[in-house]
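Chemist: Below is the file input.cif, which contains mmCIF, C-alpha atoms.
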```
data_upload
loop_
_atom_site.label_atom_id
_atom_site.label_comp_id
_atom_site.auth_asym_id
_atom_site.auth_seq_id
_atom_site.Cartn_x
_atom_site.Cartn_y
_atom_site.Cartn_z
CA MET A 947 -25.40 67.52 -70.35
CA GLY A 948 -27.74 69.22 -67.87
CA LYS A 949 -27.03 72.34 -65.88
CA GLN A 950 -25.25 71.77 -62.58
CA MET A 951 -26.96 72.12 -59.20
CA GLU A 952 -26.18 71.39 -55.56
CA LEU A 953 -28.46 69.76 -52.96
CA TYR A 954 -28.74 70.71 -49.31
CA ILE A 955 -30.77 68.34 -47.12
CA HIS A 956 -31.79 69.59 -43.69
CA ILE A 957 -32.14 67.22 -40.72
CA PRO A 958 -33.42 69.42 -37.86
CA PHE A 959 -32.87 66.97 -35.01
CA CYS A 960 -30.15 66.71 -32.37
CA VAL A 961 -29.62 65.01 -29.01
CA SER A 962 -29.78 68.35 -27.20
CA LYS A 963 -29.67 72.01 -28.18
CA CYS A 964 -26.28 73.69 -27.76
CA ALA A 965 -26.27 76.89 -25.70
CA TYR A 966 -25.01 79.05 -28.59
CA CYS A 967 -27.07 77.53 -31.42
CA ASP A 968 -29.79 79.49 -33.23
CA PHE A 969 -30.21 77.05 -36.12
CA LEU A 970 -33.54 75.40 -36.87
CA SER A 971 -32.83 72.31 -34.78
CA GLY A 972 -33.67 70.58 -31.53
CA PRO A 973 -34.32 67.22 -29.85
CA SER A 974 -37.36 65.16 -30.83
CA ASP A 975 -38.96 61.76 -30.40
CA ALA A 976 -38.40 58.74 -32.62
CA GLY A 977 -41.90 58.89 -34.10
CA THR A 978 -41.51 62.49 -35.25
CA ILE A 979 -38.12 61.71 -36.76
CA ARG A 980 -39.57 58.72 -38.61
CA ARG A 981 -42.46 60.80 -40.01
CA TYR A 982 -40.06 63.58 -40.97
CA VAL A 983 -37.90 61.16 -42.95
CA GLU A 984 -41.02 59.96 -44.79
CA ALA A 985 -41.98 63.57 -45.59
CA LEU A 986 -38.43 64.43 -46.61
CA THR A 987 -38.31 61.43 -48.92
CA ALA A 988 -41.59 62.54 -50.52
CA GLU A 989 -40.08 65.98 -51.11
CA VAL A 990 -36.92 64.45 -52.60
CA ARG A 991 -39.01 62.54 -55.13
CA ALA A 992 -41.17 65.54 -55.99
CA CYS A 993 -38.08 67.71 -56.49
CA GLY A 994 -36.56 65.01 -58.66
CA GLU A 995 -39.57 65.33 -60.98
CA MET A 996 -39.07 69.10 -61.19
CA TYR A 997 -35.29 69.08 -61.69
CA HIS A 998 -34.76 65.82 -63.57
CA ASP A 999 -32.56 67.60 -66.12
CA ARG A 1000 -30.05 68.89 -63.56
CA ILE A 1001 -26.69 67.30 -62.72
CA ILE A 1002 -26.14 67.20 -58.95
CA THR A 1003 -22.48 67.99 -58.21
CA THR A 1004 -22.58 68.16 -54.41
CA VAL A 1005 -24.90 67.03 -51.62
CA PHE A 1006 -24.71 68.33 -48.05
CA PHE A 1007 -26.63 66.81 -45.14
CA GLY A 1008 -26.79 69.54 -42.48
CA GLY A 1009 -28.67 70.17 -39.29
CA GLY A 1010 -29.14 69.72 -36.46
CA THR A 1011 -27.24 66.48 -36.28
CA PRO A 1012 -27.91 64.34 -39.38
CA SER A 1013 -25.96 61.47 -37.81
CA ILE A 1014 -28.80 61.09 -35.30
CA LEU A 1015 -30.73 59.22 -38.04
CA THR A 1016 -30.64 55.44 -38.05
CA GLU A 1017 -28.79 53.49 -40.72
CA GLU A 1018 -32.11 52.46 -42.23
CA GLN A 1019 -33.29 56.07 -42.49
CA ILE A 1020 -30.08 57.11 -44.24
CA VAL A 1021 -30.49 54.24 -46.72
CA VAL A 1022 -34.11 55.23 -47.47
CA ILE A 1023 -33.15 58.88 -48.12
CA PHE A 1024 -30.24 57.90 -50.35
CA ARG A 1025 -32.36 55.46 -52.32
CA ALA A 1026 -34.91 58.18 -53.02
CA MET A 1027 -32.18 60.68 -53.90
CA ARG A 1028 -30.42 58.37 -56.35
CA GLU A 1029 -33.69 57.30 -57.98
CA SER A 1030 -34.86 60.92 -58.31
CA PHE A 1031 -31.76 62.91 -59.30
CA ARG A 1032 -28.84 62.58 -61.69
CA LEU A 1033 -25.78 62.57 -59.43
CA ALA A 1034 -22.40 63.34 -60.97
CA ARG A 1035 -20.00 60.40 -60.71
CA ASP A 1036 -17.57 62.55 -58.70
CA ALA A 1037 -20.24 64.25 -56.56
CA GLU A 1038 -19.00 65.49 -53.20
CA ILE A 1039 -21.42 64.13 -50.57
CA THR A 1040 -21.02 65.47 -47.03
CA ILE A 1041 -22.78 64.65 -43.78
CA GLU A 1042 -22.47 66.67 -40.59
CA MET A 1043 -22.06 64.57 -37.47
CA ASN A 1044 -21.33 64.90 -33.80
CA PRO A 1045 -18.99 62.67 -31.77
CA GLY A 1046 -20.81 59.89 -29.98
CA THR A 1047 -23.68 59.68 -32.48
CA VAL A 1048 -22.13 57.10 -34.81
CA THR A 1049 -20.88 53.53 -34.63
CA GLU A 1050 -18.48 51.72 -36.92
CA GLY A 1051 -21.50 50.09 -38.56
CA LYS A 1052 -23.20 53.41 -39.21
CA LEU A 1053 -20.02 54.85 -40.71
CA ARG A 1054 -19.74 51.83 -43.01
CA THR A 1055 -23.34 52.42 -44.09
CA TYR A 1056 -22.42 56.02 -44.92
CA ARG A 1057 -19.59 54.82 -47.14
CA GLU A 1058 -21.78 52.24 -48.86
CA ALA A 1059 -24.48 54.88 -49.47
CA GLY A 1060 -21.95 57.13 -51.19
CA ILE A 1061 -21.03 59.67 -48.53
CA ASN A 1062 -17.41 60.63 -49.12
CA ARG A 1063 -16.90 63.61 -46.80
CA LEU A 1064 -17.53 64.00 -43.06
CA SER A 1065 -17.89 67.25 -41.16
CA ILE A 1066 -17.42 66.55 -37.46
CA GLY A 1067 -18.33 69.09 -34.78
CA LEU A 1068 -15.28 69.14 -32.51
CA GLN A 1069 -15.49 72.84 -31.49
CA SER A 1070 -12.82 72.54 -28.76
CA VAL A 1071 -10.39 69.98 -27.31
CA ASN A 1072 -11.01 71.42 -23.84
CA ASP A 1073 -13.74 69.54 -21.98
CA ARG A 1074 -14.54 72.57 -19.82
CA GLU A 1075 -15.11 74.65 -22.94
CA LEU A 1076 -17.24 71.90 -24.48
CA LYS A 1077 -19.43 71.82 -21.39
CA MET A 1078 -19.68 75.62 -21.50
CA LEU A 1079 -20.96 75.38 -25.09
CA GLY A 1080 -23.53 72.75 -24.14
CA ARG A 1081 -21.90 70.04 -26.25
CA ILE A 1082 -22.80 66.42 -25.42
CA HIS A 1083 -19.33 64.99 -26.10
CA THR A 1084 -15.86 65.07 -24.59
CA PHE A 1085 -12.61 65.33 -26.54
CA ALA A 1086 -12.07 61.60 -25.88
CA ASP A 1087 -15.43 60.92 -27.59
CA PHE A 1088 -14.23 62.92 -30.59
CA GLU A 1089 -10.96 60.97 -30.77
CA THR A 1090 -12.91 57.68 -30.80
CA THR A 1091 -15.26 58.87 -33.54
CA TYR A 1092 -12.41 60.26 -35.63
CA ALA A 1093 -10.43 57.02 -35.36
CA LEU A 1094 -13.49 55.01 -36.46
CA ALA A 1095 -13.98 57.30 -39.45
CA ARG A 1096 -10.40 56.72 -40.55
CA LYS A 1097 -10.69 52.99 -39.89
CA VAL A 1098 -13.63 52.57 -42.28
CA GLY A 1099 -11.83 54.55 -44.98
CA PHE A 1100 -12.94 58.20 -44.93
CA GLN A 1101 -10.21 60.32 -46.52
CA ASN A 1102 -11.93 63.71 -46.51
CA ILE A 1103 -12.79 64.94 -43.02
CA ASN A 1104 -13.57 68.43 -41.79
CA MET A 1105 -13.28 69.53 -38.16
CA ASP A 1106 -15.46 72.40 -36.95
CA LEU A 1107 -13.80 74.62 -34.35
CA ILE A 1108 -15.18 77.60 -32.40
CA SER A 1109 -13.02 80.35 -30.92
CA ALA A 1110 -13.77 83.29 -28.58
CA ILE A 1111 -15.60 80.97 -26.16
CA PRO A 1112 -16.31 82.44 -22.69
CA GLY A 1113 -13.24 81.95 -20.52
CA GLN A 1114 -11.07 80.96 -23.47
CA THR A 1115 -7.51 82.28 -23.64
CA VAL A 1116 -5.10 82.60 -26.52
CA GLU A 1117 -3.10 79.70 -25.07
CA SER A 1118 -6.10 77.40 -24.65
CA TRP A 1119 -7.05 78.12 -28.26
CA ARG A 1120 -3.49 77.34 -29.32
CA GLY A 1121 -3.91 73.99 -27.59
CA THR A 1122 -7.06 73.28 -29.60
CA LEU A 1123 -5.29 74.15 -32.86
CA GLU A 1124 -2.27 72.00 -32.00
CA LYS A 1125 -4.35 68.93 -31.18
CA ALA A 1126 -6.63 69.42 -34.18
CA VAL A 1127 -3.69 69.67 -36.59
CA SER A 1128 -1.95 66.68 -35.01
CA MET A 1129 -4.92 64.54 -36.08
CA ASN A 1130 -4.30 65.56 -39.71
CA PRO A 1131 -7.81 66.37 -41.01
CA GLU A 1132 -8.12 67.48 -44.61
CA HIS A 1133 -10.21 70.55 -43.74
CA ILE A 1134 -10.71 72.84 -40.74
CA SER A 1135 -13.54 75.34 -40.31
CA ALA A 1136 -12.60 77.85 -37.59
CA TYR A 1137 -15.44 80.16 -36.66
CA SER A 1138 -15.54 82.88 -34.03
CA LEU A 1139 -18.45 82.53 -31.59
CA ILE A 1140 -21.36 84.86 -32.30
CA VAL A 1141 -23.76 85.38 -29.40
CA GLU A 1142 -27.12 85.18 -31.15
CA GLU A 1143 -30.27 86.72 -29.72
CA GLY A 1144 -32.74 84.16 -28.39
CA THR A 1145 -30.08 81.63 -27.33
CA PRO A 1146 -29.13 80.71 -23.74
CA PHE A 1147 -25.76 82.35 -24.44
CA TYR A 1148 -27.48 85.64 -25.20
CA ALA A 1149 -29.39 85.50 -21.93
CA ARG A 1150 -26.11 84.77 -20.14
CA TYR A 1151 -23.75 87.17 -21.88
CA GLY A 1152 -25.99 89.62 -23.73
CA GLU A 1153 -24.76 92.31 -26.07
CA GLY A 1154 -22.11 93.56 -23.66
CA GLY A 1155 -20.00 90.44 -24.08
CA GLU A 1156 -19.07 90.24 -20.38
CA GLY A 1157 -17.16 87.00 -19.79
CA LEU A 1158 -16.15 86.72 -23.44
CA PRO A 1159 -12.56 87.29 -24.63
CA SER A 1160 -11.71 90.95 -25.11
CA GLU A 1161 -11.53 92.51 -28.55
CA ASP A 1162 -7.73 92.42 -28.39
CA GLU A 1163 -7.74 88.74 -27.35
CA GLU A 1164 -10.16 87.88 -30.12
CA ARG A 1165 -7.92 89.69 -32.62
CA GLU A 1166 -4.91 87.73 -31.36
CA ILE A 1167 -6.86 84.46 -31.58
CA TYR A 1168 -7.83 85.26 -35.17
CA ASP A 1169 -4.25 86.07 -36.18
CA LEU A 1170 -2.95 82.94 -34.45
CA THR A 1171 -5.48 80.79 -36.33
CA ARG A 1172 -4.36 82.05 -39.72
CA ARG A 1173 -0.63 81.85 -39.00
CA PHE A 1174 -0.74 78.47 -37.27
CA LEU A 1175 -2.94 76.70 -39.83
CA GLU A 1176 -1.12 78.10 -42.85
CA LYS A 1177 2.21 77.08 -41.31
CA SER A 1178 0.72 73.60 -40.79
CA GLY A 1179 -0.11 73.20 -44.48
CA TYR A 1180 -3.70 74.46 -44.55
CA GLU A 1181 -4.56 77.15 -47.07
CA ARG A 1182 -7.19 79.70 -46.07
CA TYR A 1183 -9.50 79.75 -49.09
CA GLU A 1184 -12.40 81.53 -47.38
CA ILE A 1185 -12.60 83.87 -44.40
CA SER A 1186 -13.12 81.05 -41.87
CA ASN A 1187 -12.19 77.92 -43.84
CA TYR A 1188 -8.83 76.19 -44.31
CA ALA A 1189 -7.98 73.14 -46.38
CA LYS A 1190 -5.11 71.05 -47.60
CA PRO A 1191 -4.59 71.41 -51.37
CA GLY A 1192 -7.49 69.86 -53.26
CA PHE A 1193 -9.77 69.52 -50.23
CA GLU A 1194 -11.72 72.78 -50.30
CA CYS A 1195 -15.42 72.18 -49.61
CA ARG A 1196 -16.92 72.22 -53.10
CA HIS A 1197 -20.45 72.60 -51.73
CA ASN A 1198 -19.71 75.76 -49.75
CA LYS A 1199 -17.70 77.21 -52.63
CA GLY A 1200 -20.87 76.82 -54.67
CA TYR A 1201 -22.75 79.08 -52.23
CA TRP A 1202 -20.11 81.81 -52.47
CA GLU A 1203 -19.97 81.55 -56.26
CA ARG A 1204 -23.78 81.55 -56.65
CA THR A 1205 -24.09 78.07 -58.10
CA ASP A 1206 -27.74 76.98 -58.17
CA TYR A 1207 -28.59 74.99 -55.06
CA LEU A 1208 -31.79 73.31 -53.92
CA GLY A 1209 -32.65 73.08 -50.24
CA ILE A 1210 -34.77 70.12 -49.15
CA GLY A 1211 -36.35 69.81 -45.72
CA VAL A 1212 -37.96 72.08 -43.16
CA GLY A 1213 -36.57 75.64 -43.20
CA ALA A 1214 -34.25 74.89 -46.14
CA ALA A 1215 -33.29 77.73 -48.49
CA SER A 1216 -32.64 77.58 -52.24
CA LEU A 1217 -31.23 79.59 -55.12
CA VAL A 1218 -32.47 78.34 -58.50
CA ASN A 1219 -32.52 80.36 -61.73
CA ASN A 1220 -31.94 83.58 -59.76
CA GLN A 1221 -34.89 82.91 -57.48
CA ARG A 1222 -34.35 82.63 -53.75
CA PHE A 1223 -36.98 80.74 -51.79
CA SER A 1224 -37.25 79.02 -48.43
CA HIS A 1225 -39.47 76.49 -46.70
CA ILE A 1226 -41.78 76.65 -43.72
CA ARG A 1227 -39.93 76.34 -40.41
CA ASP A 1228 -42.47 74.26 -38.48
CA VAL A 1229 -41.60 70.56 -38.44
CA ALA A 1230 -45.14 69.37 -37.67
CA GLU A 1231 -46.62 71.50 -40.47
CA TYR A 1232 -43.95 70.34 -42.92
CA ILE A 1233 -44.79 66.71 -42.11
CA ARG A 1234 -48.54 67.37 -42.30
CA LEU A 1235 -48.45 69.04 -45.71
CA LEU A 1236 -46.26 66.42 -47.35
CA ALA A 1237 -48.07 63.51 -45.71
CA GLN A 1238 -51.37 65.02 -46.88
CA GLU A 1239 -50.10 65.08 -50.43
CA ASN A 1240 -48.73 61.55 -50.12
CA CYS A 1241 -52.14 60.23 -49.14
CA SER A 1242 -54.30 62.47 -51.32
CA GLY A 1243 -54.88 59.76 -53.91
CA ARG A 1244 -54.47 62.05 -56.94
CA LYS A 1245 -56.18 60.72 -60.02
CA GLY A 1246 -53.70 58.92 -62.18
CA ALA A 1247 -51.07 58.63 -59.45
CA GLU A 1248 -49.50 55.23 -59.08
CA SER A 1249 -48.06 53.77 -55.91
CA ALA A 1250 -44.92 51.69 -55.96
CA PRO A 1251 -43.75 49.92 -52.79
CA ILE A 1252 -40.16 50.65 -51.79
CA LYS A 1253 -38.69 48.30 -49.25
CA SER A 1254 -36.37 49.69 -46.59
CA VAL A 1255 -33.54 47.66 -45.09
CA SER A 1256 -35.68 47.08 -42.01
CA GLY A 1257 -38.29 45.33 -44.15
CA GLN A 1258 -40.90 48.08 -43.86
CA THR A 1259 -42.61 49.42 -46.97
CA ALA A 1260 -43.60 52.93 -47.94
CA ALA A 1261 -45.91 53.94 -50.77
CA ILE A 1262 -44.15 56.43 -53.04
CA LYS A 1263 -46.32 58.17 -55.57
CA SER A 1264 -45.31 58.83 -59.13
CA VAL A 1265 -46.33 62.43 -59.88
CA SER A 1266 -46.08 64.65 -62.91
CA GLU A 1267 -43.71 67.61 -62.91
CA GLN A 1268 -46.67 69.97 -62.62
CA ASN A 1269 -48.11 68.15 -59.62
CA ALA A 1270 -44.65 68.00 -58.05
CA SER A 1271 -44.37 71.78 -58.36
CA GLU A 1272 -47.76 72.19 -56.70
CA ARG A 1273 -46.71 69.96 -53.82
CA ILE A 1274 -43.49 71.86 -53.20
CA GLU A 1275 -45.22 75.23 -53.43
CA LYS A 1276 -47.30 74.28 -50.36
CA ILE A 1277 -44.18 74.31 -48.17
CA VAL A 1278 -42.58 77.46 -49.64
CA THR A 1279 -43.06 80.55 -47.48
CA GLU A 1280 -40.82 83.13 -49.13
CA ARG A 1281 -39.85 83.64 -52.76
CA GLU A 1282 -37.83 86.44 -54.33
CA THR A 1283 -36.75 86.87 -57.94
CA LEU A 1284 -33.38 88.61 -58.03
CA ASP A 1285 -33.05 91.45 -60.51
CA VAL A 1286 -29.72 92.20 -62.17
CA GLN A 1287 -28.76 94.68 -59.45
CA ALA A 1288 -29.33 92.09 -56.72
CA GLN A 1289 -27.35 89.51 -58.69
CA MET A 1290 -24.41 91.89 -59.01
CA GLU A 1291 -24.54 92.70 -55.30
CA GLU A 1292 -24.51 89.01 -54.37
CA THR A 1293 -21.69 88.29 -56.80
CA MET A 1294 -19.56 90.86 -54.99
CA PHE A 1295 -20.35 90.33 -51.31
CA LEU A 1296 -20.45 86.54 -51.55
CA GLY A 1297 -17.45 86.28 -53.88
CA LEU A 1298 -15.31 88.45 -51.63
CA ARG A 1299 -15.63 85.83 -48.87
CA GLU A 1300 -13.23 83.69 -50.88
CA MET A 1301 -9.58 84.63 -50.64
CA ARG A 1302 -9.23 84.51 -54.41
CA GLY A 1303 -12.02 87.06 -54.69
CA VAL A 1304 -14.20 88.03 -57.65
CA SER A 1305 -13.16 87.50 -61.28
CA ILE A 1306 -13.28 90.75 -63.26
CA PRO A 1307 -13.70 89.02 -66.68
CA GLU A 1308 -16.44 86.69 -65.36
CA PHE A 1309 -18.36 89.65 -63.91
CA GLU A 1310 -18.34 91.39 -67.29
CA ALA A 1311 -19.28 88.19 -69.15
CA GLN A 1312 -22.25 87.64 -66.88
CA PHE A 1313 -23.62 91.16 -66.65
CA GLY A 1314 -22.42 92.91 -69.80
CA LYS A 1315 -20.81 95.63 -67.71
CA THR A 1316 -17.37 95.94 -66.18
CA VAL A 1317 -16.93 95.96 -62.42
CA GLN A 1318 -15.46 99.44 -62.88
CA ASP A 1319 -18.67 100.62 -64.62
CA VAL A 1320 -20.81 99.49 -61.69
CA TYR A 1321 -18.53 99.85 -58.68
CA GLY A 1322 -15.75 102.18 -59.79
CA ARG A 1323 -16.15 104.68 -56.94
CA VAL A 1324 -16.43 101.97 -54.27
CA LEU A 1325 -13.40 100.09 -55.63
CA SER A 1326 -11.30 103.26 -55.70
CA THR A 1327 -12.22 104.12 -52.11
CA MET A 1328 -11.67 100.58 -50.78
CA GLU A 1329 -8.28 100.32 -52.52
CA LYS A 1330 -7.14 103.68 -51.13
CA GLU A 1331 -8.14 102.53 -47.64
CA GLY A 1332 -6.13 99.32 -48.10
CA LEU A 1333 -9.16 97.05 -47.84
CA LEU A 1334 -9.19 95.66 -51.40
CA ARG A 1335 -6.59 94.85 -54.02
CA VAL A 1336 -6.69 93.79 -57.66
CA LYS A 1337 -4.45 90.86 -58.62
CA ASP A 1338 -4.52 88.64 -61.71
CA GLU A 1339 -7.81 90.18 -62.81
CA ARG A 1340 -9.47 89.36 -59.50
CA ILE A 1341 -10.71 91.69 -56.74
CA CYS A 1342 -9.72 90.38 -53.31
CA LEU A 1343 -9.86 91.46 -49.70
CA THR A 1344 -6.57 92.48 -48.11
CA GLU A 1345 -5.74 91.19 -44.62
CA ARG A 1346 -7.05 94.48 -43.25
CA GLY A 1347 -10.15 94.04 -45.40
CA VAL A 1348 -10.74 90.57 -43.95
CA ASP A 1349 -10.65 92.10 -40.45
CA ILE A 1350 -13.65 94.29 -41.27
CA SER A 1351 -15.12 92.20 -44.07
CA ASN A 1352 -18.75 92.91 -43.16
CA TYR A 1353 -18.12 96.62 -43.61
CA VAL A 1354 -16.34 96.13 -46.94
CA MET A 1355 -19.02 93.84 -48.33
CA SER A 1356 -21.79 96.24 -47.31
CA GLN A 1357 -20.26 98.88 -49.60
CA PHE A 1358 -21.30 96.80 -52.61
CA LEU A 1359 -25.00 97.13 -51.91
CA LEU A 1360 -26.11 99.53 -54.63
#
```
Written as structure tokens, how would this file's structure read?
Modeler:
Amino acid sequence: MGKQMELYIHIPFCVSKCAYCDFLSGPSDAGTIRRYVEALTAEVRACGEMYHDRIITTVFFGGGTPSILTEEQIVVIFRAMRESFRLARDAEITIEMNPGTVTEGKLRTYREAGINRLSIGLQSVNDRELKMLGRIHTFADFETTYALARKVGFQNINMDLISAIPGQTVESWRGTLEKAVSMNPEHISAYSLIVEEGTPFYARYGEGGEGLPSEDEEREIYDLTRRFLEKSGYERYEISNYAKPGFECRHNKGYWERTDYLGIGVGAASLVNNQRFSHIRDVAEYIRLLAQENCSGRKGAESAPIKSVSGQTAAIKSVSEQNASERIEKIVTERETLDVQAQMEETMFLGLREMRGVSIPEFEAQFGKTVQDVYGRVLSTMEKEGLLRVKDERICLTERGVDISNYVMSQFLL
């Protein structure tokens, strides 16, 4: 059996850019989206040549708004993915989507393709707050989309929520939590708004945070989130993520536990064999480089027509593993090989994001040293300050540690 790996597939398009968003995403025209899907499919097939021995345990379509793609485009990507990779029979396959960007037919296509988990961007049940964020939907739109998802049979749905929105109060946030829980999703991601430089929100609110909830209000909102969701049957398994038993996001857990993952698409990042690398962030250049390789007519390459559901054909080249590696290298902009020190650092500051923390025996098995050997002084200090605790051979954040988690995690940088 091959070594396990996760796939992340980036779709950088959306209907409009949200005011707080600093992700690699934005609106585009249908022609660019079509060419991007062709380039993405070429990358999927090339990566399949390189990693044919891996077992894919999770797939995550992120963006942007992946649900902006047509049914035909989703089918084409899935066909390439299934023909190129060895997917585990129980693979968790997630797609991010926004209310108002899907129909019942599109949701049925998702199910038929193999998608078994939806992550829907609700953010707030308050239409004024949604407008403030620059969202294109209303809460009524979300209710319609959610009902359709249940109707076609989805039984694993995440809702994304954002707190500390300008003008938000503790009570308005309570209203969002109450309505979200009443709809009975399996998973809730509850993030606090971060005003990122370069976004319209930063220009509006800047570093001073004027108009945003006060530090005390934000603290109260955070405490309310934890208490309310846990009382409602959702277990906090990561700093900002809550799930009913058995519905933790396996893909995201892989990130925090340093499972190998391969990013496909413009700007995508990867961790494979303790190498971190990322792709170029320019959509036009990404398309150009992969299209150039598709049409290069390499000696010995064979073209096989693949028919899409719309009846169109695309020539897909069969390439050797070496040629596939060369093709992918053209779109890689950064590459770093992690030494043992960097691996230990990541094991600690990523693992501490999970409420169950870092396994002491697993650390020693992986690195040949005990956590105490490497981090004894830091652990002693953090425990004395009430920020960490050791339980059942695992090192975990305390509630106070979660409050200042960035500080605690930074202490593990050697």
Chemist: Can you tell me how far atom CA of Leu1217 of chain A sits from atom CA of Ile955 of chain A, in Å to one decimal?
Modeler: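 Here the two named atoms are 13.8 Å from each other.
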Chemist: Taking all atoms listed in the file into account, which of A:Gly1314, A:Leu1107, A:Phe1309, A:Arg1063 comes nearest Glu1291 of chain A?
Modeler: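 Ranking A:Gly1314, A:Leu1107, A:Phe1309, A:Arg1063 by distance to Glu1291 of chain A, first place goes to A:Phe1309.
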Chemist: Residues picked by the PyMOL selection byres ((chain A and resi 1109-1115) around 8) here, as a ChimeraX atom specification?
Modeler: /A:1069,1075,1078-1079,1107-1108,1116-1119,1136-1139,1157-1159,1163-1164,1167
Chemist: How about saving the chosen residues, C-alpha atoms kept, as a PDB file, in the frame of the given file?
Modeler:
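Wrote it out as out.pdb, contents follow:
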```pdb
ATOM      1  CA  GLN A1069     -15.490  72.840 -31.490  1.00  0.00           C
ATOM      2  CA  GLU A1075     -15.110  74.650 -22.940  1.00  0.00           C
ATOM      3  CA  MET A1078     -19.680  75.620 -21.500  1.00  0.00           C
ATOM      4  CA  LEU A1079     -20.960  75.380 -25.090  1.00  0.00           C
ATOM      5  CA  LEU A1107     -13.800  74.620 -34.350  1.00  0.00           C
ATOM      6  CA  ILE A1108     -15.180  77.600 -32.400  1.00  0.00           C
ATOM      7  CA  VAL A1116      -5.100  82.600 -26.520  1.00  0.00           C
ATOM      8  CA  GLU A1117      -3.100  79.700 -25.070  1.00  0.00           C
ATOM      9  CA  SER A1118      -6.100  77.400 -24.650  1.00  0.00           C
ATOM     10  CA  TRP A1119      -7.050  78.120 -28.260  1.00  0.00           C
ATOM     11  CA  ALA A1136     -12.600  77.850 -37.590  1.00  0.00           C
ATOM     12  CA  TYR A1137     -15.440  80.160 -36.660  1.00  0.00           C
ATOM     13  CA  SER A1138     -15.540  82.880 -34.030  1.00  0.00           C
ATOM     14  CA  LEU A1139     -18.450  82.530 -31.590  1.00  0.00           C
ATOM     15  CA  GLY A1157     -17.160  87.000 -19.790  1.00  0.00           C
ATOM     16  CA  LEU A1158     -16.150  86.720 -23.440  1.00  0.00           C
ATOM     17  CA  PRO A1159     -12.560  87.290 -24.630  1.00  0.00           C
ATOM     18  CA  GLU A1163      -7.740  88.740 -27.350  1.00  0.00           C
ATOM     19  CA  GLU A1164     -10.160  87.880 -30.120  1.00  0.00           C
ATOM     20  CA  ILE A1167      -6.860  84.460 -31.580  1.00  0.00           C
TER      21      ILE A1167
END
```
Chemist: Mind checking which residues fall within 10 Å of Gly1144 of chain A, counting all atoms listed in the file, ignoring those fewer than 5 positions away in the same chain, and posting them as a VMD selection string?
Modeler: chain A and resid 966 to 968 1149 1152
Chemist: Counting all atoms listed in the file, figure out which residue out of A:Ile1140, A:Phe1088, A:Leu1015, A:Met1129 gets nearest to Lys1052 of chain A.
Modeler: A:Leu1015
Chemist: Nearest to Leu986 of chain A among A:Val1304, A:Ala1026, A:Ile1103, A:Leu1208, with distances taken over all atoms listed in the file: which residue is it?
Modeler: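 Nearest to Leu986 of chain A: A:Ala1026.
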Chemist: Which residue gives the smallest distance to Arg1196 of chain A among A:Tyr1353, A:Tyr1056, A:Tyr1183, A:Phe1024, with only C-alpha atoms counted?
Modeler: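 Among A:Tyr1353, A:Tyr1056, A:Tyr1183, A:Phe1024, it is A:Tyr1183 that comes nearest to Arg1196 of chain A.
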Chemist: Counting all atoms listed in the file, figure out which residue out of A:Thr1316, A:Thr1055, A:Ser1178, A:Thr1293 gets nearest to Trp1202 of chain A.
Modeler: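 Once distances to Trp1202 of chain A are computed over all atoms listed in the file, the minimum belongs to A:Thr1293.
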Chemist: Measure the distance from atom CA of Ser1216 of chain A to atom CA of Glu1282 of chain A in Å and round it to one decimal.
Modeler: 10.5 Å
